[in-house]
file run-v2.pdb (PDB, C-alpha atoms and all ligand atoms)
ATOM      1  CA  MET A 594      83.762  14.415  97.566  1.00  0.00           C
ATOM      2  CA  PRO A 595      82.080  17.700  96.594  1.00  0.00           C
ATOM      3  CA  LEU A 596      78.914  18.789  98.294  1.00  0.00           C
ATOM      4  CA  PRO A 597      75.604  17.744  96.714  1.00  0.00           C
ATOM      5  CA  SER A 598      74.948  21.256  95.425  1.00  0.00           C
ATOM      6  CA  VAL A 599      78.144  21.102  93.385  1.00  0.00           C
ATOM      7  CA  LYS A 600      77.690  17.526  92.269  1.00  0.00           C
ATOM      8  CA  LEU A 601      73.984  17.484  91.463  1.00  0.00           C
ATOM      9  CA  PHE A 602      73.018  21.034  90.608  1.00  0.00           C
ATOM     10  CA  GLY A 603      76.140  22.265  88.900  1.00  0.00           C
ATOM     11  CA  ALA A 604      77.102  24.934  91.416  1.00  0.00           C
ATOM     12  CA  ARG A 605      80.585  26.268  90.761  1.00  0.00           C
ATOM     13  CA  GLN A 606      83.251  24.721  92.913  1.00  0.00           C
ATOM     14  CA  CYS A 607      85.741  26.774  94.925  1.00  0.00           C
ATOM     15  CA  LYS A 608      89.007  27.329  93.025  1.00  0.00           C
ATOM     16  CA  ALA A 609      91.243  27.277  96.113  1.00  0.00           C
ATOM     17  CA  LYS A 610      93.814  24.516  96.370  1.00  0.00           C
ATOM     18  CA  ALA A 611      95.560  23.125  99.423  1.00  0.00           C
ATOM     19  CA  LYS A 612      99.255  24.032  99.684  1.00  0.00           C
ATOM     20  CA  ARG A 613     100.301  20.645 100.977  1.00  0.00           C
ATOM     21  CA  THR A 614      98.225  18.239  98.909  1.00  0.00           C
ATOM     22  CA  GLY A 615      97.274  20.423  95.948  1.00  0.00           C
ATOM     23  CA  SER A 616      93.702  19.175  96.134  1.00  0.00           C
ATOM     24  CA  GLN A 617      90.919  21.566  95.237  1.00  0.00           C
ATOM     25  CA  CYS A 618      88.491  22.815  97.880  1.00  0.00           C
ATOM     26  CA  LEU A 619      85.210  20.937  97.792  1.00  0.00           C
ATOM     27  CA  ASN A 620      82.893  23.758  98.835  1.00  0.00           C
ATOM     28  CA  PRO A 621      80.686  25.574  96.364  1.00  0.00           C
ATOM     29  CA  SER A 622      81.950  29.032  95.460  1.00  0.00           C
ATOM     30  CA  ALA A 623      80.216  32.048  96.918  1.00  0.00           C
ATOM     31  CA  TYR A 624      77.771  33.916  94.713  1.00  0.00           C
ATOM     32  CA  GLY A 625      79.650  35.696  91.977  1.00  0.00           C
ATOM     33  CA  MET A 626      83.056  34.773  93.408  1.00  0.00           C
ATOM     34  CA  PRO A 627      85.626  32.193  92.351  1.00  0.00           C
ATOM     35  CA  THR A 628      86.212  30.987  95.938  1.00  0.00           C
ATOM     36  CA  CYS A 629      84.114  29.880  98.881  1.00  0.00           C
ATOM     37  CA  ARG A 630      83.602  31.909 102.063  1.00  0.00           C
ATOM     38  CA  TYR A 631      86.461  30.075 103.788  1.00  0.00           C
ATOM     39  CA  HIS A 632      88.921  31.046 101.076  1.00  0.00           C
ATOM     40  CA  GLY A 633      88.382  34.770 100.921  1.00  0.00           C
ATOM     41  CA  ALA A 634      85.234  35.304  98.932  1.00  0.00           C
ATOM     42  CA  ARG A 635      84.450  38.909  99.682  1.00  0.00           C
ATOM     43  CA  LYS A 636      82.635  41.399  97.626  1.00  0.00           C
ATOM     44  CA  LYS A 637      84.093  44.855  97.313  1.00  0.00           C
ATOM     45  CA  VAL A 638      83.097  47.254 100.053  1.00  0.00           C
ATOM     46  CA  LEU A 639      81.271  50.062  98.357  1.00  0.00           C
ATOM     47  CA  CYS A 640      82.259  53.587  99.321  1.00  0.00           C
ATOM     48  CA  GLY A 641      80.868  57.034  98.725  1.00  0.00           C
ATOM     49  CA  LYS A 642      78.104  57.401  96.167  1.00  0.00           C
ATOM     50  CA  ASP A 643      78.197  53.694  95.346  1.00  0.00           C
ATOM     51  CA  HIS A 644      77.276  52.660  98.895  1.00  0.00           C
ATOM     52  CA  PRO A 645      73.583  51.678  99.225  1.00  0.00           C
ATOM     53  CA  ASN A 646      73.146  53.861 102.323  1.00  0.00           C
ATOM     54  CA  PHE A 647      74.497  56.962 100.585  1.00  0.00           C
ATOM     55  CA  ILE A 648      71.827  59.661 100.720  1.00  0.00           C
ATOM     56  CA  HIS A 649      73.214  63.122 100.072  1.00  0.00           C
ATOM     57  CA  GLY A 650      76.934  63.263 100.930  1.00  0.00           C
ATOM     58  CA  GLN A 651      76.576  66.105 103.426  1.00  0.00           C
ATOM     59  CA  ALA A 652      78.009  63.930 106.186  1.00  0.00           C
ATOM     60  CA  SER A 653      80.844  62.423 104.173  1.00  0.00           C
ATOM     61  CA  LEU A 654      84.387  62.752 105.502  1.00  0.00           C
ATOM     62  CA  ALA A 655      85.316  65.236 102.791  1.00  0.00           C
ATOM     63  CA  ALA A 656      82.257  67.365 103.545  1.00  0.00           C
ATOM     64  CA  LYS A 657      82.990  67.274 107.294  1.00  0.00           C
ATOM     65  CA  ARG A 658      86.568  68.420 106.672  1.00  0.00           C
ATOM     66  CA  GLU A 659      85.286  71.259 104.528  1.00  0.00           C
ATOM     67  CA  TYR A 660      82.767  72.369 107.185  1.00  0.00           C
ATOM     68  CA  ASN A 661      85.455  72.171 109.865  1.00  0.00           C
ATOM     69  CA  ALA A 662      87.854  74.328 107.833  1.00  0.00           C
ATOM     70  CA  ALA A 663      85.120  76.920 107.327  1.00  0.00           C
ATOM     71  CA  ALA A 664      84.270  76.902 111.051  1.00  0.00           C
ATOM     72  CA  VAL A 665      87.940  77.414 111.957  1.00  0.00           C
ATOM     73  CA  ARG A 666      88.204  80.336 109.535  1.00  0.00           C
ATOM     74  CA  LEU A 667      85.063  81.946 110.945  1.00  0.00           C
ATOM     75  CA  ARG A 668      86.283  81.528 114.505  1.00  0.00           C
ATOM     76  CA  ASP A 669      89.644  83.067 113.618  1.00  0.00           C
ATOM     77  CA  LEU A 670      87.938  86.030 111.974  1.00  0.00           C
ATOM     78  CA  GLU A 671      85.705  86.528 114.989  1.00  0.00           C
ATOM     79  CA  GLU A 672      88.664  86.485 117.388  1.00  0.00           C
ATOM     80  CA  GLU A 673      90.621  88.938 115.249  1.00  0.00           C
ATOM     81  CA  MET A 674      87.639  91.287 115.193  1.00  0.00           C
ATOM     82  CA  HIS A 675      87.624  91.239 118.988  1.00  0.00           C
ATOM     83  CA  VAL A 676      91.374  91.842 119.177  1.00  0.00           C
ATOM     84  CA  LEU A 677      91.055  94.834 116.856  1.00  0.00           C
ATOM     85  CA  ASN A 678      87.966  96.138 118.716  1.00  0.00           C
ATOM     86  CA  MET A 679      85.895  96.018 115.547  1.00  0.00           C
ATOM     87  CA  THR A 680      82.870  94.673 117.403  1.00  0.00           C
ATOM     88  CA  SER A 681      81.419  94.721 120.884  1.00  0.00           C
ATOM     89  CA  ALA A 682      79.404  91.530 120.421  1.00  0.00           C
ATOM     90  CA  LYS A 683      80.149  88.521 122.570  1.00  0.00           C
ATOM     91  CA  LEU A 684      82.124  85.618 121.214  1.00  0.00           C
ATOM     92  CA  THR A 685      80.040  82.799 119.823  1.00  0.00           C
ATOM     93  CA  PRO A 686      79.282  80.346 122.629  1.00  0.00           C
ATOM     94  CA  GLY A 687      80.310  76.714 122.437  1.00  0.00           C
ATOM     95  CA  ARG A 688      83.530  74.886 122.015  1.00  0.00           C
ATOM     96  CA  LYS A 689      86.055  75.979 119.466  1.00  0.00           C
ATOM     97  CA  PRO A 690      86.257  73.939 116.282  1.00  0.00           C
ATOM     98  CA  LYS A 691      89.202  71.552 116.211  1.00  0.00           C
ATOM     99  CA  ARG A 692      92.037  72.362 113.884  1.00  0.00           C
ATOM    100  CA  VAL A 693      92.728  69.343 111.725  1.00  0.00           C
TER     101      VAL A 693
HETATM  102 ZN    ZN B 701      87.084  26.974  99.331  1.00  0.00          ZN
END
call {"tool": "encode", "arguments": {"input": "run-v2.pdb", "output": "structure tokens"}}
result
Amino acid sequence: MPLPSVKLFGARQCKAKAKRTGSQCLNPSAYGMPTCRYHGARKKVLCGKDHPNFIHGQASLAAKREYNAAAVRLRDLEEEMHVLNMTSAKLTPGRKPKRV
């Protein structure tokens, strides 16, 4: 017997059916979904600009890769300048950027 919300208030019923008996699930479907929470009702996970916490994109994975590539290039240039004695300045302190 369906739940009261399905029976009395016309909530949509879950579309999932049991493999063995073929009977339909009695739970109400999740909001905006054809199935209930037990049968895989999941909304799409929003990514990138569509995500509600997206602010500016400066810390996105693509942006981080771009910053890392630029840091590696700068570090390489700095080391080559020291090898060729083009500068007497000290190397930039801190750890070297990882090569990805
Ligand atoms: Zn269900």
call {"tool": "residues_near_ligand", "arguments": {"input": "run-v2.pdb", "ligand": "ligand ZN 701 (chain B)", "cutoff": "10 Å", "atoms": "all atoms listed in the file", "output": "JSON, numbers by chain"}}
result
{"A": [606, 607, 608, 609, 610, 611, 617, 618, 619, 620, 621, 622, 623, 627, 628, 629, 630, 631, 632, 633, 634]}
call {"tool": "write_last_selection", "arguments": {"input": "run-v2.pdb", "atoms": "C-alpha atoms", "output": "PDB file, in the coordinates of the input"}}
result
ATOM      1  CA  GLN A 606      83.251  24.721  92.913  1.00  0.00           C
ATOM      2  CA  CYS A 607      85.741  26.774  94.925  1.00  0.00           C
ATOM      3  CA  LYS A 608      89.007  27.329  93.025  1.00  0.00           C
ATOM      4  CA  ALA A 609      91.243  27.277  96.113  1.00  0.00           C
ATOM      5  CA  LYS A 610      93.814  24.516  96.370  1.00  0.00           C
ATOM      6  CA  ALA A 611      95.560  23.125  99.423  1.00  0.00           C
ATOM      7  CA  GLN A 617      90.919  21.566  95.237  1.00  0.00           C
ATOM      8  CA  CYS A 618      88.491  22.815  97.880  1.00  0.00           C
ATOM      9  CA  LEU A 619      85.210  20.937  97.792  1.00  0.00           C
ATOM     10  CA  ASN A 620      82.893  23.758  98.835  1.00  0.00           C
ATOM     11  CA  PRO A 621      80.686  25.574  96.364  1.00  0.00           C
ATOM     12  CA  SER A 622      81.950  29.032  95.460  1.00  0.00           C
ATOM     13  CA  ALA A 623      80.216  32.048  96.918  1.00  0.00           C
ATOM     14  CA  PRO A 627      85.626  32.193  92.351  1.00  0.00           C
ATOM     15  CA  THR A 628      86.212  30.987  95.938  1.00  0.00           C
ATOM     16  CA  CYS A 629      84.114  29.880  98.881  1.00  0.00           C
ATOM     17  CA  ARG A 630      83.602  31.909 102.063  1.00  0.00           C
ATOM     18  CA  TYR A 631      86.461  30.075 103.788  1.00  0.00           C
ATOM     19  CA  HIS A 632      88.921  31.046 101.076  1.00  0.00           C
ATOM     20  CA  GLY A 633      88.382  34.770 100.921  1.00  0.00           C
ATOM     21  CA  ALA A 634      85.234  35.304  98.932  1.00  0.00           C
TER      22      ALA A 634
END
call {"tool": "atom_distance", "arguments": {"input": "run-v2.pdb", "atom1": "CA of Lys689 (chain A)", "atom2": "CA of Val665 (chain A)"}}
result
7.9 Å
call {"tool": "axis_aligned_box", "arguments": {"input": "run-v2.pdb", "around": "region 673-685 of chain A", "padding_each_side": "4 Å", "output": "JSON"}}
result
{"center_x": 85.4, "center_y": 89.5, "center_z": 118.9, "size_x": 20.0, "size_y": 21.3, "size_z": 15.4}
call {"tool": "residues_around", "arguments": {"input": "run-v2.pdb", "residues": "Glu671 (chain A)", "least_positions_apart": "5", "cutoff": "12 Å", "atoms": "all atoms listed in the file", "output": "PyMOL selection string"}}
result
chain A and resi 664-666+676-686+689
call {"tool": "atom_distance", "arguments": {"input": "run-v2.pdb", "atom1": "CA of Arg658 (chain A)", "atom2": "CA of Gly641 (chain A)"}}
result
15.0 Å
call {"tool": "closest_residue", "arguments": {"input": "run-v2.pdb", "among": "A:Lys636, A:Lys642, A:Gln651, A:Arg692", "to": "Ala663 (chain A)", "atoms": "all atoms listed in the file"}}
result
A:Arg692
call {"tool": "atom_distance", "arguments": {"input": "run-v2.pdb", "atom1": "CA of Gly687 (chain A)", "atom2": "CA of Lys657 (chain A)"}}
result
18.0 Å
call {"tool": "closest_residue", "arguments": {"input": "run-v2.pdb", "among": "A:His644, A:Pro690, A:Pro595, A:Lys637", "to": "Leu667 (chain A)", "atoms": "only C-alpha atoms"}}
result
A:Pro690
call {"tool": "closest_residue", "arguments": {"input": "run-v2.pdb", "among": "A:Ser653, A:Ser598, A:Ser616, A:Asn661", "to": "Cys640 (chain A)", "atoms": "only C-alpha atoms"}}
result
A:Ser653
call {"tool": "decode", "arguments": {"input": "run-v2.pdb", "residues": "region 639-683 of chain A", "atoms": "N, CA and C atoms", "output": "CSV table (one decimal), in the first residue's frame"}}
result
chain,number,residue,atom,x,y,z
A,639,LEU,N,26.6,19.7,-9.8
A,639,LEU,CA,27.0,20.9,-10.7
A,639,LEU,C,28.5,21.1,-10.6
A,640,CYS,N,29.1,21.4,-11.7
A,640,CYS,CA,30.5,21.7,-11.7
A,640,CYS,C,30.8,23.0,-12.3
A,641,GLY,N,32.0,23.6,-12.0
A,641,GLY,CA,32.4,24.8,-12.6
A,641,GLY,C,31.5,26.0,-12.4
A,642,LYS,N,31.2,26.7,-13.4
A,642,LYS,CA,30.4,28.0,-13.2
A,642,LYS,C,29.0,27.7,-12.8
A,643,ASP,N,28.5,26.5,-13.0
A,643,ASP,CA,27.1,26.1,-12.6
A,643,ASP,C,27.0,25.8,-11.1
A,644,HIS,N,28.1,25.6,-10.4
A,644,HIS,CA,28.1,25.2,-9.0
A,644,HIS,C,27.7,26.5,-8.2
A,645,PRO,N,26.8,26.3,-7.2
A,645,PRO,CA,26.4,27.5,-6.4
A,645,PRO,C,27.5,28.2,-5.6
A,646,ASN,N,28.6,27.4,-5.3
A,646,ASN,CA,29.7,28.0,-4.6
A,646,ASN,C,30.8,28.7,-5.5
A,647,PHE,N,30.5,28.6,-6.8
A,647,PHE,CA,31.5,29.2,-7.7
A,647,PHE,C,31.6,30.7,-7.6
A,648,ILE,N,32.7,31.3,-7.4
A,648,ILE,CA,32.9,32.7,-7.1
A,648,ILE,C,33.6,33.4,-8.3
A,649,HIS,N,34.8,33.0,-8.6
A,649,HIS,CA,35.6,33.7,-9.6
A,649,HIS,C,36.3,32.7,-10.5
A,650,GLY,N,36.6,31.5,-10.2
A,650,GLY,CA,37.3,30.6,-11.0
A,650,GLY,C,38.8,30.6,-10.9
A,651,GLN,N,39.3,31.5,-10.1
A,651,GLN,CA,40.8,31.6,-9.9
A,651,GLN,C,41.4,30.4,-9.3
A,652,ALA,N,40.6,29.6,-8.5
A,652,ALA,CA,41.1,28.4,-7.8
A,652,ALA,C,40.6,27.2,-8.5
A,653,SER,N,40.1,27.2,-9.7
A,653,SER,CA,39.6,26.0,-10.4
A,653,SER,C,40.8,25.2,-10.8
A,654,LEU,N,40.6,23.9,-11.1
A,654,LEU,CA,41.7,23.0,-11.4
A,654,LEU,C,42.4,23.5,-12.7
A,655,ALA,N,41.7,24.0,-13.6
A,655,ALA,CA,42.4,24.5,-14.9
A,655,ALA,C,43.2,25.7,-14.6
A,656,ALA,N,42.7,26.6,-13.7
A,656,ALA,CA,43.5,27.8,-13.4
A,656,ALA,C,44.7,27.4,-12.6
A,657,LYS,N,44.6,26.4,-11.7
A,657,LYS,CA,45.8,26.0,-10.9
A,657,LYS,C,46.8,25.4,-11.8
A,658,ARG,N,46.4,24.6,-12.8
A,658,ARG,CA,47.4,24.0,-13.7
A,658,ARG,C,48.1,25.1,-14.5
A,659,GLU,N,47.3,26.1,-14.9
A,659,GLU,CA,47.9,27.2,-15.6
A,659,GLU,C,49.0,27.9,-14.8
A,660,TYR,N,48.6,28.2,-13.5
A,660,TYR,CA,49.5,28.9,-12.7
A,660,TYR,C,50.8,28.1,-12.4
A,661,ASN,N,50.6,26.8,-12.2
A,661,ASN,CA,51.7,25.9,-12.0
A,661,ASN,C,52.7,25.9,-13.2
A,662,ALA,N,52.1,25.8,-14.4
A,662,ALA,CA,52.9,25.8,-15.6
A,662,ALA,C,53.7,27.1,-15.7
A,663,ALA,N,53.1,28.2,-15.4
A,663,ALA,CA,53.8,29.5,-15.4
A,663,ALA,C,54.9,29.5,-14.4
A,664,ALA,N,54.7,29.0,-13.2
A,664,ALA,CA,55.7,29.0,-12.1
A,664,ALA,C,56.9,28.1,-12.5
A,665,VAL,N,56.6,27.0,-13.2
A,665,VAL,CA,57.7,26.1,-13.6
A,665,VAL,C,58.5,26.8,-14.7
A,666,ARG,N,57.9,27.5,-15.6
A,666,ARG,CA,58.6,28.2,-16.6
A,666,ARG,C,59.5,29.3,-16.0
A,667,LEU,N,58.9,30.1,-15.1
A,667,LEU,CA,59.7,31.1,-14.4
A,667,LEU,C,60.9,30.5,-13.7
A,668,ARG,N,60.7,29.5,-13.0
A,668,ARG,CA,61.8,28.8,-12.2
A,668,ARG,C,62.9,28.4,-13.2
A,669,ASP,N,62.5,27.8,-14.3
A,669,ASP,CA,63.5,27.3,-15.3
A,669,ASP,C,64.3,28.5,-15.8
A,670,LEU,N,63.6,29.6,-16.1
A,670,LEU,CA,64.3,30.7,-16.6
A,670,LEU,C,65.3,31.3,-15.6
A,671,GLU,N,64.9,31.3,-14.4
A,671,GLU,CA,65.7,31.8,-13.3
A,671,GLU,C,67.0,31.0,-13.2
A,672,GLU,N,66.8,29.6,-13.2
A,672,GLU,CA,67.9,28.7,-13.1
A,672,GLU,C,68.9,28.9,-14.3
A,673,GLU,N,68.3,29.0,-15.5
A,673,GLU,CA,69.2,29.2,-16.6
A,673,GLU,C,70.0,30.5,-16.6
A,674,MET,N,69.3,31.5,-16.0
A,674,MET,CA,70.0,32.8,-15.9
A,674,MET,C,71.2,32.6,-14.9
A,675,HIS,N,71.1,31.8,-13.9
A,675,HIS,CA,72.2,31.6,-13.0
A,675,HIS,C,73.3,30.8,-13.6
A,676,VAL,N,72.9,29.8,-14.4
A,676,VAL,CA,73.9,28.9,-15.1
A,676,VAL,C,74.7,29.8,-16.0
A,677,LEU,N,74.0,30.7,-16.7
A,677,LEU,CA,74.7,31.5,-17.7
A,677,LEU,C,75.4,32.8,-17.1
A,678,ASN,N,75.3,32.9,-15.8
A,678,ASN,CA,75.9,34.1,-15.1
A,678,ASN,C,75.3,35.4,-15.6
A,679,MET,N,74.0,35.4,-15.9
A,679,MET,CA,73.4,36.6,-16.3
A,679,MET,C,72.9,37.5,-15.2
A,680,THR,N,72.9,36.9,-14.0
A,680,THR,CA,72.5,37.7,-12.8
A,680,THR,C,73.3,37.2,-11.6
A,681,SER,N,73.4,38.1,-10.6
A,681,SER,CA,74.1,37.8,-9.4
A,681,SER,C,73.1,37.7,-8.2
A,682,ALA,N,71.8,37.8,-8.6
A,682,ALA,CA,70.7,37.8,-7.5
A,682,ALA,C,70.6,36.4,-7.0
A,683,LYS,N,70.1,36.2,-5.8
A,683,LYS,CA,69.9,34.9,-5.2
A,683,LYS,C,68.7,34.3,-5.9
